[in-house]
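A short worksheet on the structure shown next.
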Amino acid sequence: MKSTSEAAFETAIEAVLLANGYARIDGKDFDRERAIFPAEALAFIRATQGKVWEKLEALHGEQTEARVVESLVKWLDSHGALATLRHGFKCFGKTLRIAFFRPAHGLNPELEARYQDNRLGLTRQLHFSPKSEKSLDVVLSVNGIPLVTLELKNPLSGQTAANAIRQYRHDRDPREPIFVFSKRTLVHFAVDTEEAHMATRMAGTSTYFLPFNRGFEGGAGNPPDPDGRNYKTAYLWEEVLQRDSLLDLLARVLHLSVEEKTTDEGKKVRKESLIFPRYHQLQAVRAMVEAAAREGVGHNYLVEHSAGSGKSNTIAWLAHRLSSLHNQQDERLFDSVIVITDRVVLDRQLQNTIYQFDHRQGVVQKIDEDSRQLAEALEAGVPIIITTLQKFPFVSAQLARLNEERNEESRSHLPTRKYAVIIDEAHSSQSGETATELKGVLGGAQLRDKALEMAMEEGEADLERLFRSMAKRGQQPNMSFFAFTATPKHKTLAIFGRNGEPFHRYTMRQAIEEGFIEDVLKSYVTYKTYYKLIKKAEEDPSVERKKAAKALARFMRLHPHNIGQKTEVMVEHFQHFTRHKIGGHAKAMVVTGSRLEAVRYKQEFDCYIKEKGYPIKSLVAFSGSVEDDKIPEKQYTEVEMNDGLKEKDLPETFTKPDFRVLLVAEKYQTGFDQPLLHTMYVDKRLSGIQAVQTLSRLNRTHPLKDDTFVLDFVNDPREIQEAFRQYYEGSVMGEEVDPDKLYEVKAELDASGIYLQGEVADFTCVFFAPKRRQSPSDHKTMNAILDRAVTRFAQFQVSEEEEAELWRGKLQAFRNLYSFLSQVIPYQDSDLEKLFTYLRHLALKLPKRKSGPGYQFDEEVELDYYRLQKISEGSISLNEGYAKPLDGPREVGSGMVREEHLALSRLIDTINERFGGELNEADQLFFDQIAEAASLNESLQKAAEVNSLDKFQLVFRQVLESLFIERMELNEELFADYMSKPELQELISKWLGSQVYERLSASPKALSGQP
């Protein structure tokens, strides 16, 4: 039947493209040896570059056409089709263009006219080979250069896209001139009426095709046409390969990626690949750019793209587009694009990609030194700036310093400019005080003027800084945010989403079904530990249930028998199962519950491996130093336990063939990409987003990786399923937080009498005083004001300890609610800002809850019975159950469990029946800011210049507390822990001190008083 034939499918595609800017080109005009359409190329050059043609003709006469074609072919063979299309080629000293692309603006009609002169051609059944009569179903060309091939199949005639893929792999020789990588055709589509797949490098049977589908109902595939009149894959020729779209792809999207990779054998190789966007990447970038041009500056766009979505490339394309985006009035929309990221790879990718587009240096600047460098880049209006979030709190001071050095007016703000801010991995820290500082810096003079206006309206002209603090919390009219995340929280959806929805979504389910990430829950085994503790002490003391339960759990988790048994299970499983996976290169990660557990496991692993003689080497990762109470005064560090390996070198070392197991405590559980990770052994309680991020370390694909494995000693598979379901088909935001709840909590806090309204006003008057009126005694004054409330709270704590803790909980609830809600609701209430500022600082001075003695049960308790048993094996299905909505911040403090005292023996029985803060990488943000501030401290600069590290540490400890206090609002919880835990103070002081000393000692720039 003609209507169900492949030819009918081909004709339908041809009709659409010919009606939208393409012209039919006869296959007889194709030069098979040179793999171009010479007549098309010459016609384009003649029509668009007549003057250059005349000069060449004057030199070569009748040989002009042959000379031009010869030069074009040589240039294509040397530089590739993409570079030749973008930048032209040389012919006897003259530059000729073989394509003209649409300019970013319409200010030059001549360029627009040249763009319209491009000749896009369609050829059916092209006989491409000089050696045979094999043909391609459809070839698309631009000005005579063949760039796109399509092999079409019709399921109604018994063939699908899979047959087209097979045809490309087995019946298309990659050595044919038309297929040589990057020299002519750039992308190859295997298409049927249901699905499309694409490849950019022909490599025989190794040709790798990627799905190029829209996605359907959260998964792979394509949706049916809503009117029932078109093919499911019609988007390919109606949208992607449409004339303007294809020219845009060639001009500003496709790029050659050159990477230095480490092979499975540990060798470094240079890999070149051509990047063509997947459908969701192209759709997301174009949709955001079009919306930004239409809506103008001052809007948010949330992109929920799963791991495996190619986020780095999506961000690179978006950054380049936004940096040159013009509105309908041909005005540049953004003065600078700022990319917030911690990933070094993204910097290199942006630099290389954008240089290929326009051959200009200086478009992208990475801020890899300090906040001064960031301030200078912002002042200069660099088109694309790549930086980290933690540098922004110091930019205002740096701007003032720069102006003082230039003998200009001392100002701490930028002129008002328009910014696009791209956030790589938006998470909760983006909704905190540091992100507010970013908005304060980029708000510029406009934000300052708004604050002055608000202060004048309220009759508090002296408190302009208070109103600036309020104003910078909300959405700024001169900033658009483009936030990317695979696992949004409620806050992320509320702040960056639209009505609780992302602007664009590519789901975990689609990424798994399309083969871009592994399903890490497919092979999931759970063990349960059964044991019995007995009391061996004669006395049966009364103990506090919660604290004693925690101590007993710690006793059990660190018990040598527990660690020994689990180590045996893990090592034997790795040796006999995992080690042979991924072509014999598979690696494993052990997730431990604490740093001390990581230390004990590392010792036990190495001992067991040595005893058995297995060819396995392990590495351990944890921050700081760890004391083991079994060995007094002995401290363990990651570097020491890894035989001197520097922390920054660990990821690269782990890629080497010898190192097979990585034991971690908090580190490397997010953002760590290692395709050879096959197995994860989990001995830590995981829930929610942490479970998803941790287990997802296994999801990176590898050509030889066909499965993953999780062995879990702790978690309930149902809870793991619930955590993943929240993101499997896209996150759903739960109920919105009631904005009136904030006033309810405030009223309860006010009524307590712990603080007085006059004290709040006095504190904020000093805190927000104009900088010119600040004095060294301000710090003393603020502390004295806070001490009044601290005294009342301490008295309250003595008489009503439980009620005092409820009040502390309400204080924390107020801070959390205001910090979040002020970004989505324009309260414009200076009383709230004053109270928030006051309570933020008061919380740090409140005395800790009087805890009973810590319990150590090594002498009172012993292990009587122990059994480790596998209780489930199989997969955790994500197609079952339901996705729980993401909850937002709630009021806390009203449901506190009162501590119950009971006999130790009773507690042991309860634990037997029912048994089923360390620092983390997020705190690095705060530490980096402290280190940067310390580098500016003159007394520390002088101390580093003339002292050894040991003596410098003595000076540093004296300065450190004031540095923490000045920046305590950036991480209140960590600051509070620091002030209350001597052992933590010691650790932080040593670590930060060595960092600052190294920076100051090594940098003449720093010693001269510069950051």
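The way I read the labels, and the way they are meant: chains A, B, ... in the order of the structure tokens, residue 1 as the first residue of every chain, and ligand 1 as the first ligand shown, with later ones counted on from there.
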
* Please provide as a PyMOL selection string all residues within 10 Å of Glu719 in chain A, with the sequence filter that same-chain residues fewer than 4 positions apart are discarded (counting only C-alpha atoms). => chain A and resi 686-688+691+715+723-725

Can you list, as an mmCIF file with N, CA and C atoms, in the first residue's frame, every protein, DNA or RNA residue that comes within 10 Å of Trp991 in chain A when you count only C-alpha atoms, leaving out same-chain residues fewer than 6 positions away?
```
data_model
loop_
_atom_site.group_PDB
_atom_site.id
_atom_site.type_symbol
_atom_site.label_atom_id
_atom_site.label_comp_id
_atom_site.auth_asym_id
_atom_site.auth_seq_id
_atom_site.Cartn_x
_atom_site.Cartn_y
_atom_site.Cartn_z
ATOM 1 N N SER A 623 36.088 15.125 56.866
ATOM 2 C CA SER A 623 36.678 16.440 57.089
ATOM 3 C C SER A 623 37.274 16.534 58.494
ATOM 4 N N GLY A 624 38.260 17.417 58.628
ATOM 5 C CA GLY A 624 38.838 17.693 59.932
ATOM 6 C C GLY A 624 39.632 16.528 60.500
ATOM 7 N N SER A 625 39.772 16.535 61.834
ATOM 8 C CA SER A 625 40.472 15.453 62.530
ATOM 9 C C SER A 625 39.503 14.776 63.492
ATOM 10 N N PHE A 927 33.132 28.793 55.993
ATOM 11 C CA PHE A 927 34.565 28.798 56.254
ATOM 12 C C PHE A 927 35.320 29.627 55.219
ATOM 13 N N GLN A 953 49.102 30.631 64.996
ATOM 14 C CA GLN A 953 47.841 30.080 65.486
ATOM 15 C C GLN A 953 47.395 30.754 66.778
ATOM 16 N N GLN A 985 35.772 24.112 68.506
ATOM 17 C CA GLN A 985 36.574 25.341 68.402
ATOM 18 C C GLN A 985 38.014 25.002 68.037
#
```

* **Polymer residues at most 8 Å from Ala164 in chain A, only C-alpha atoms, same-chain spacing of 6 or more positions, as a list in words** =>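 Neighbouring residues, sequence-local ones excluded: Glu151, Leu152, Lys153, Ala190 and Val191 of chain A.
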
Go ahead and save the residues from that selection, with N, CA and C atoms, as a PDB file, in the first residue's frame.
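Below is the file out-v7.pdb, written as the result:
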```pdb
ATOM      1  N   GLU A 151      17.632   8.633   8.034  1.00  0.00           N
ATOM      2  CA  GLU A 151      17.158   7.337   7.563  1.00  0.00           C
ATOM      3  C   GLU A 151      15.774   7.139   8.152  1.00  0.00           C
ATOM      4  N   LEU A 152      14.786   6.944   7.299  1.00  0.00           N
ATOM      5  CA  LEU A 152      13.382   6.916   7.709  1.00  0.00           C
ATOM      6  C   LEU A 152      12.832   5.498   7.631  1.00  0.00           C
ATOM      7  N   LYS A 153      12.037   5.145   8.623  1.00  0.00           N
ATOM      8  CA  LYS A 153      11.394   3.835   8.647  1.00  0.00           C
ATOM      9  C   LYS A 153       9.929   4.012   9.045  1.00  0.00           C
ATOM     10  N   ALA A 190      17.947   8.684  12.972  1.00  0.00           N
ATOM     11  CA  ALA A 190      17.212   7.452  12.682  1.00  0.00           C
ATOM     12  C   ALA A 190      15.778   7.696  13.151  1.00  0.00           C
ATOM     13  N   VAL A 191      14.839   7.719  12.224  1.00  0.00           N
ATOM     14  CA  VAL A 191      13.500   8.222  12.537  1.00  0.00           C
ATOM     15  C   VAL A 191      12.424   7.268  12.034  1.00  0.00           C
TER      16      VAL A 191
END
```

* Asked: How would you write, as a list in words, the set of residues in range 632-733 of chain A that DSSP gives as strand (DSSP E or B)?
  ->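 The residues of range 632-733 of chain A classed as strand (DSSP E or B) are Gln635, Tyr636, Thr637, Phe659, Arg660, Val661, Leu662, Leu663, Val664, Leu677, His678, Thr679, Met680, Tyr681, Val682, Asp683, Arg700, Phe709, Val710, Leu711, Asp712 and Met733 of chain A.
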
Export, as a PDB file, in the first residue's frame, the selected residues with C-alpha atoms.
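Saved as again-v1.pdb:
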```
ATOM      1  CA  GLN A 635      43.852  12.037  66.187  1.00  0.00           C
ATOM      2  CA  TYR A 636      43.067  10.752  62.712  1.00  0.00           C
ATOM      3  CA  THR A 637      42.900  12.794  59.516  1.00  0.00           C
ATOM      4  CA  PHE A 659      41.822   2.017  44.191  1.00  0.00           C
ATOM      5  CA  ARG A 660      38.493   0.242  44.309  1.00  0.00           C
ATOM      6  CA  VAL A 661      36.650   1.285  47.496  1.00  0.00           C
ATOM      7  CA  LEU A 662      35.957   4.773  48.876  1.00  0.00           C
ATOM      8  CA  LEU A 663      34.699   5.039  52.477  1.00  0.00           C
ATOM      9  CA  VAL A 664      32.965   8.355  53.171  1.00  0.00           C
ATOM     10  CA  LEU A 677      30.998   3.439  40.760  1.00  0.00           C
ATOM     11  CA  HIS A 678      28.877   0.305  40.634  1.00  0.00           C
ATOM     12  CA  THR A 679      28.118  -0.674  44.241  1.00  0.00           C
ATOM     13  CA  MET A 680      27.169   1.273  47.349  1.00  0.00           C
ATOM     14  CA  TYR A 681      27.272  -0.136  50.867  1.00  0.00           C
ATOM     15  CA  VAL A 682      25.072   1.983  53.135  1.00  0.00           C
ATOM     16  CA  ASP A 683      25.520   2.024  56.908  1.00  0.00           C
ATOM     17  CA  ARG A 700      26.409   7.657  35.930  1.00  0.00           C
ATOM     18  CA  PHE A 709      23.966  -2.635  43.298  1.00  0.00           C
ATOM     19  CA  VAL A 710      23.047  -1.276  46.738  1.00  0.00           C
ATOM     20  CA  LEU A 711      23.574  -3.191  49.987  1.00  0.00           C
ATOM     21  CA  ASP A 712      21.858  -1.346  52.816  1.00  0.00           C
ATOM     22  CA  MET A 733       5.029  21.361  45.907  1.00  0.00           C
TER      23      MET A 733
END
```

* Minimum-distance residue to Glu457 in chain A, chosen among A:Ser594, A:Thr526, A:Gln828, A:Asn108 (using only C-alpha atoms) ->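 Distance minimum relative to Glu457 in chain A lands on A:Gln828.
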
* Asked: What is the distance between CA of Ala41 in chain A and CA of Ile98 in chain A, in Å to one decimal?
  -> 7.1 Å

* Quote the spacing between CA of Val441 in chain A and CA of Phe481 in chain A in Å to one decimal place. => 14.6 Å

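Using only C-alpha atoms for every distance, the candidate list A:Leu676, A:Leu256, A:Ala35, A:Val142 yields A:Ala35 as the residue closest to Arg175 in chain A.
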
Using only C-alpha atoms, I'd like a table of the residues in range 87-189 of chain A that come within 12 Å of range 327-344 of chain A; for each, show the closest atom pair and its distance in Å rounded to one decimal, ordered by chain and ascending number, as a tab-separated table.
```
residue	atom	partner	partner_atom	distance
A:Pro103	CA	A:Asp330	CA	10.8
A:Ala104	CA	A:Asp330	CA	8.6
A:His105	CA	A:Asp330	CA	5.5
A:Gly106	CA	A:Asp330	CA	6.3
A:Leu107	CA	A:Asp330	CA	7.1
A:Asn108	CA	A:Asp330	CA	10.6
```

Restricting it to N, CA and C atoms, dump the selection as a CSV table (one decimal), in the first residue's frame.
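Saved as result_19.csv:
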```csv
chain,number,residue,atom,x,y,z
A,103,PRO,N,21.9,38.0,12.9
A,103,PRO,CA,22.5,38.7,14.0
A,103,PRO,C,21.6,38.8,15.2
A,104,ALA,N,22.2,39.0,16.4
A,104,ALA,CA,21.5,39.1,17.6
A,104,ALA,C,20.5,40.2,17.7
A,105,HIS,N,20.7,41.2,16.9
A,105,HIS,CA,19.8,42.4,16.8
A,105,HIS,C,19.5,42.7,15.4
A,106,GLY,N,18.5,43.6,15.2
A,106,GLY,CA,18.1,44.0,13.8
A,106,GLY,C,18.6,45.4,13.4
A,107,LEU,N,19.8,45.8,14.0
A,107,LEU,CA,20.3,47.1,13.7
A,107,LEU,C,21.0,47.2,12.4
A,108,ASN,N,21.3,46.1,11.7
A,108,ASN,CA,22.0,46.1,10.5
A,108,ASN,C,21.2,45.3,9.4
```

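Among the candidate residues A:His504, A:Lys366, A:Arg169, A:His573, the one lying nearest to His280 in chain A is A:His504, with distances computed using only C-alpha atoms.
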
* Asked: Rounded to one decimal in Å, what is the spacing between CA of Glu513 in chain A and CA of Gly308 in chain A?
  ->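 Computed distance, CA of Glu513 in chain A to CA of Gly308 in chain A, equals 11.3 Å.
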
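Minimum distance to Glu272 in chain A across A:Tyr168, A:Tyr727, A:Tyr22, A:Phe181 (counting only C-alpha atoms) occurs at A:Phe181.
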
List the neighbours of range 239-252 of chain A out to 10 Å using only C-alpha atoms; skip same-chain residues closer than 2 positions along the sequence, and give me the result as a PDB file with N, CA and C atoms, in the first residue's frame.
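Below is the file part_18.pdb, written as the result:
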```pdb
ATOM      1  N   VAL A  16       6.706  19.364   4.063  1.00  0.00           N
ATOM      2  CA  VAL A  16       6.780  20.362   5.138  1.00  0.00           C
ATOM      3  C   VAL A  16       8.015  21.237   4.979  1.00  0.00           C
ATOM      4  N   LEU A  17       9.177  20.629   4.718  1.00  0.00           N
ATOM      5  CA  LEU A  17      10.419  21.396   4.626  1.00  0.00           C
ATOM      6  C   LEU A  17      10.443  22.288   3.382  1.00  0.00           C
ATOM      7  N   LEU A  18       9.926  21.788   2.252  1.00  0.00           N
ATOM      8  CA  LEU A  18       9.903  22.622   1.038  1.00  0.00           C
ATOM      9  C   LEU A  18       8.980  23.817   1.202  1.00  0.00           C
ATOM     10  N   ALA A  19       7.968  23.687   2.042  1.00  0.00           N
ATOM     11  CA  ALA A  19       7.044  24.806   2.284  1.00  0.00           C
ATOM     12  C   ALA A  19       7.592  25.791   3.307  1.00  0.00           C
ATOM     13  N   ASN A  20       8.756  25.457   3.896  1.00  0.00           N
ATOM     14  CA  ASN A  20       9.313  26.303   4.963  1.00  0.00           C
ATOM     15  C   ASN A  20      10.780  26.637   4.719  1.00  0.00           C
ATOM     16  N   GLY A  21      11.098  27.077   3.498  1.00  0.00           N
ATOM     17  CA  GLY A  21      12.419  27.655   3.250  1.00  0.00           C
ATOM     18  C   GLY A  21      13.445  26.757   2.618  1.00  0.00           C
ATOM     19  N   TYR A  22      13.158  25.469   2.421  1.00  0.00           N
ATOM     20  CA  TYR A  22      14.097  24.580   1.750  1.00  0.00           C
ATOM     21  C   TYR A  22      13.785  24.533   0.250  1.00  0.00           C
ATOM     22  N   ALA A  81      33.413  21.341   9.079  1.00  0.00           N
ATOM     23  CA  ALA A  81      32.264  22.041   8.511  1.00  0.00           C
ATOM     24  C   ALA A  81      31.782  23.166   9.419  1.00  0.00           C
ATOM     25  N   LEU A  82      31.782  22.935  10.734  1.00  0.00           N
ATOM     26  CA  LEU A  82      31.207  23.909  11.656  1.00  0.00           C
ATOM     27  C   LEU A  82      32.006  25.211  11.658  1.00  0.00           C
ATOM     28  N   ALA A  83      33.326  25.105  11.793  1.00  0.00           N
ATOM     29  CA  ALA A  83      34.170  26.311  11.806  1.00  0.00           C
ATOM     30  C   ALA A  83      34.111  27.026  10.465  1.00  0.00           C
ATOM     31  N   LEU A  85      31.585  27.063   8.285  1.00  0.00           N
ATOM     32  CA  LEU A  85      30.287  27.746   8.184  1.00  0.00           C
ATOM     33  C   LEU A  85      30.270  29.032   9.001  1.00  0.00           C
ATOM     34  N   ARG A  86      30.879  28.985  10.176  1.00  0.00           N
ATOM     35  CA  ARG A  86      30.822  30.146  11.081  1.00  0.00           C
ATOM     36  C   ARG A  86      31.808  31.251  10.692  1.00  0.00           C
ATOM     37  N   HIS A  87      32.972  30.871  10.223  1.00  0.00           N
ATOM     38  CA  HIS A  87      34.030  31.870  10.052  1.00  0.00           C
ATOM     39  C   HIS A  87      34.548  32.007   8.631  1.00  0.00           C
ATOM     40  N   ALA A  99      28.281  30.802   4.691  1.00  0.00           N
ATOM     41  CA  ALA A  99      26.977  30.938   5.360  1.00  0.00           C
ATOM     42  C   ALA A  99      26.953  32.286   6.071  1.00  0.00           C
ATOM     43  N   PHE A 100      25.776  32.844   6.208  1.00  0.00           N
ATOM     44  CA  PHE A 100      25.573  34.047   7.017  1.00  0.00           C
ATOM     45  C   PHE A 100      24.477  33.752   8.028  1.00  0.00           C
ATOM     46  N   PHE A 101      24.753  34.075   9.276  1.00  0.00           N
ATOM     47  CA  PHE A 101      23.798  33.762  10.328  1.00  0.00           C
ATOM     48  C   PHE A 101      23.089  35.010  10.814  1.00  0.00           C
ATOM     49  N   ARG A 102      21.911  34.806  11.351  1.00  0.00           N
ATOM     50  CA  ARG A 102      21.079  35.929  11.803  1.00  0.00           C
ATOM     51  C   ARG A 102      21.766  36.647  12.952  1.00  0.00           C
ATOM     52  N   PRO A 103      21.890  37.975  12.858  1.00  0.00           N
ATOM     53  CA  PRO A 103      22.518  38.727  13.963  1.00  0.00           C
ATOM     54  C   PRO A 103      21.621  38.750  15.196  1.00  0.00           C
ATOM     55  N   TYR A 115      21.520  36.994   5.544  1.00  0.00           N
ATOM     56  CA  TYR A 115      20.996  35.794   6.214  1.00  0.00           C
ATOM     57  C   TYR A 115      19.902  35.153   5.368  1.00  0.00           C
ATOM     58  N   GLN A 116      19.037  35.980   4.805  1.00  0.00           N
ATOM     59  CA  GLN A 116      17.930  35.456   3.991  1.00  0.00           C
ATOM     60  C   GLN A 116      18.423  34.795   2.708  1.00  0.00           C
ATOM     61  N   ASN A 118      20.810  32.608   2.437  1.00  0.00           N
ATOM     62  CA  ASN A 118      21.253  31.223   2.629  1.00  0.00           C
ATOM     63  C   ASN A 118      20.366  30.272   1.833  1.00  0.00           C
ATOM     64  N   ARG A 119      20.989  29.259   1.248  1.00  0.00           N
ATOM     65  CA  ARG A 119      20.272  28.291   0.401  1.00  0.00           C
ATOM     66  C   ARG A 119      20.242  26.943   1.118  1.00  0.00           C
ATOM     67  N   LEU A 120      19.099  26.603   1.680  1.00  0.00           N
ATOM     68  CA  LEU A 120      18.949  25.319   2.355  1.00  0.00           C
ATOM     69  C   LEU A 120      18.342  24.319   1.382  1.00  0.00           C
ATOM     70  N   GLY A 121      19.005  23.175   1.256  1.00  0.00           N
ATOM     71  CA  GLY A 121      18.576  22.202   0.268  1.00  0.00           C
ATOM     72  C   GLY A 121      18.154  20.880   0.869  1.00  0.00           C
ATOM     73  N   LEU A 140      20.029  16.971   4.200  1.00  0.00           N
ATOM     74  CA  LEU A 140      19.791  18.407   4.242  1.00  0.00           C
ATOM     75  C   LEU A 140      21.135  19.118   4.138  1.00  0.00           C
ATOM     76  N   VAL A 142      23.319  23.078   3.573  1.00  0.00           N
ATOM     77  CA  VAL A 142      23.303  24.539   3.671  1.00  0.00           C
ATOM     78  C   VAL A 142      24.357  25.068   2.712  1.00  0.00           C
ATOM     79  N   LEU A 147      24.877  18.494   5.722  1.00  0.00           N
ATOM     80  CA  LEU A 147      25.062  18.601   7.170  1.00  0.00           C
ATOM     81  C   LEU A 147      24.203  17.633   7.974  1.00  0.00           C
ATOM     82  N   VAL A 148      23.050  17.252   7.455  1.00  0.00           N
ATOM     83  CA  VAL A 148      22.117  16.408   8.214  1.00  0.00           C
ATOM     84  C   VAL A 148      21.681  15.246   7.336  1.00  0.00           C
ATOM     85  N   LEU A 186      27.053  16.556  10.088  1.00  0.00           N
ATOM     86  CA  LEU A 186      27.294  16.751  11.522  1.00  0.00           C
ATOM     87  C   LEU A 186      26.344  15.955  12.407  1.00  0.00           C
ATOM     88  N   ALA A 234       6.755  14.546  14.317  1.00  0.00           N
ATOM     89  CA  ALA A 234       6.688  15.707  13.413  1.00  0.00           C
ATOM     90  C   ALA A 234       7.486  16.900  13.939  1.00  0.00           C
ATOM     91  N   TYR A 235       7.697  16.963  15.264  1.00  0.00           N
ATOM     92  CA  TYR A 235       8.471  18.075  15.834  1.00  0.00           C
ATOM     93  C   TYR A 235       9.864  18.156  15.225  1.00  0.00           C
ATOM     94  N   LEU A 236      10.405  17.010  14.755  1.00  0.00           N
ATOM     95  CA  LEU A 236      11.768  17.003  14.230  1.00  0.00           C
ATOM     96  C   LEU A 236      11.880  17.870  12.983  1.00  0.00           C
ATOM     97  N   TRP A 237      10.993  17.690  12.025  1.00  0.00           N
ATOM     98  CA  TRP A 237      11.094  18.477  10.784  1.00  0.00           C
ATOM     99  C   TRP A 237      10.284  19.773  10.826  1.00  0.00           C
ATOM    100  N   LEU A 254      25.661  23.966  18.202  1.00  0.00           N
ATOM    101  CA  LEU A 254      26.593  22.861  18.019  1.00  0.00           C
ATOM    102  C   LEU A 254      28.009  23.300  18.374  1.00  0.00           C
ATOM    103  N   HIS A 255      28.749  22.420  19.025  1.00  0.00           N
ATOM    104  CA  HIS A 255      30.153  22.740  19.288  1.00  0.00           C
ATOM    105  C   HIS A 255      30.978  21.468  19.454  1.00  0.00           C
ATOM    106  N   PHE A 276      25.530  17.924  19.863  1.00  0.00           N
ATOM    107  CA  PHE A 276      24.249  18.367  19.310  1.00  0.00           C
ATOM    108  C   PHE A 276      23.249  18.258  20.455  1.00  0.00           C
ATOM    109  N   PRO A 277      22.433  19.267  20.690  1.00  0.00           N
ATOM    110  CA  PRO A 277      21.573  19.223  21.887  1.00  0.00           C
ATOM    111  C   PRO A 277      20.532  18.110  21.817  1.00  0.00           C
ATOM    112  N   TYR A 279      16.688  16.963  22.759  1.00  0.00           N
ATOM    113  CA  TYR A 279      15.489  17.776  22.542  1.00  0.00           C
ATOM    114  C   TYR A 279      15.150  18.630  23.754  1.00  0.00           C
ATOM    115  N   LEU A 282      17.434  21.744  24.029  1.00  0.00           N
ATOM    116  CA  LEU A 282      17.103  22.771  23.037  1.00  0.00           C
ATOM    117  C   LEU A 282      15.807  23.481  23.406  1.00  0.00           C
ATOM    118  N   GLN A 283      14.819  22.701  23.806  1.00  0.00           N
ATOM    119  CA  GLN A 283      13.519  23.280  24.158  1.00  0.00           C
ATOM    120  C   GLN A 283      13.639  24.184  25.382  1.00  0.00           C
ATOM    121  N   TRP A 317      24.927  26.980  26.839  1.00  0.00           N
ATOM    122  CA  TRP A 317      24.117  27.543  25.752  1.00  0.00           C
ATOM    123  C   TRP A 317      23.269  28.713  26.250  1.00  0.00           C
ATOM    124  N   HIS A 320      25.386  31.907  26.940  1.00  0.00           N
ATOM    125  CA  HIS A 320      25.777  32.598  25.705  1.00  0.00           C
ATOM    126  C   HIS A 320      24.586  33.326  25.092  1.00  0.00           C
ATOM    127  N   ARG A 321      23.442  32.675  25.065  1.00  0.00           N
ATOM    128  CA  ARG A 321      22.247  33.307  24.490  1.00  0.00           C
ATOM    129  C   ARG A 321      21.866  34.567  25.250  1.00  0.00           C
ATOM    130  N   THR A 353      33.320  26.577  24.616  1.00  0.00           N
ATOM    131  CA  THR A 353      32.115  26.597  23.799  1.00  0.00           C
ATOM    132  C   THR A 353      31.863  27.973  23.217  1.00  0.00           C
ATOM    133  N   ILE A 354      31.942  28.992  24.033  1.00  0.00           N
ATOM    134  CA  ILE A 354      31.592  30.337  23.584  1.00  0.00           C
ATOM    135  C   ILE A 354      32.649  30.882  22.625  1.00  0.00           C
ATOM    136  N   GLN A 356      34.138  29.141  20.405  1.00  0.00           N
ATOM    137  CA  GLN A 356      33.804  28.555  19.103  1.00  0.00           C
ATOM    138  C   GLN A 356      32.697  29.341  18.401  1.00  0.00           C
ATOM    139  N   PHE A 357      31.793  29.920  19.174  1.00  0.00           N
ATOM    140  CA  PHE A 357      30.688  30.649  18.564  1.00  0.00           C
ATOM    141  C   PHE A 357      31.143  31.958  17.916  1.00  0.00           C
ATOM    142  N   ASP A 358      31.962  32.747  18.630  1.00  0.00           N
ATOM    143  CA  ASP A 358      32.266  34.083  18.103  1.00  0.00           C
ATOM    144  C   ASP A 358      33.750  34.441  18.055  1.00  0.00           C
TER     145      ASP A 358
END
```

* Which parts of range 154-232 of chain A does DSSP call alpha helix (DSSP H) when run on the backbone here, written out as a PyMOL selection string? -> chain A and resi 161-171

Check which residues of range 559-608 of chain A sit at most 8 Å from range 701-708 of chain A using only C-alpha atoms, and return one row each with the closest pair of atoms and their distance in Å to one decimal, ordered by chain and rising number, as a tab-separated table.
```
residue	atom	partner	partner_atom	distance
A:Lys581	CA	A:Lys705	CA	7.4
A:Ile582	CA	A:Leu704	CA	4.9
A:Gly583	CA	A:Leu704	CA	6.3
```
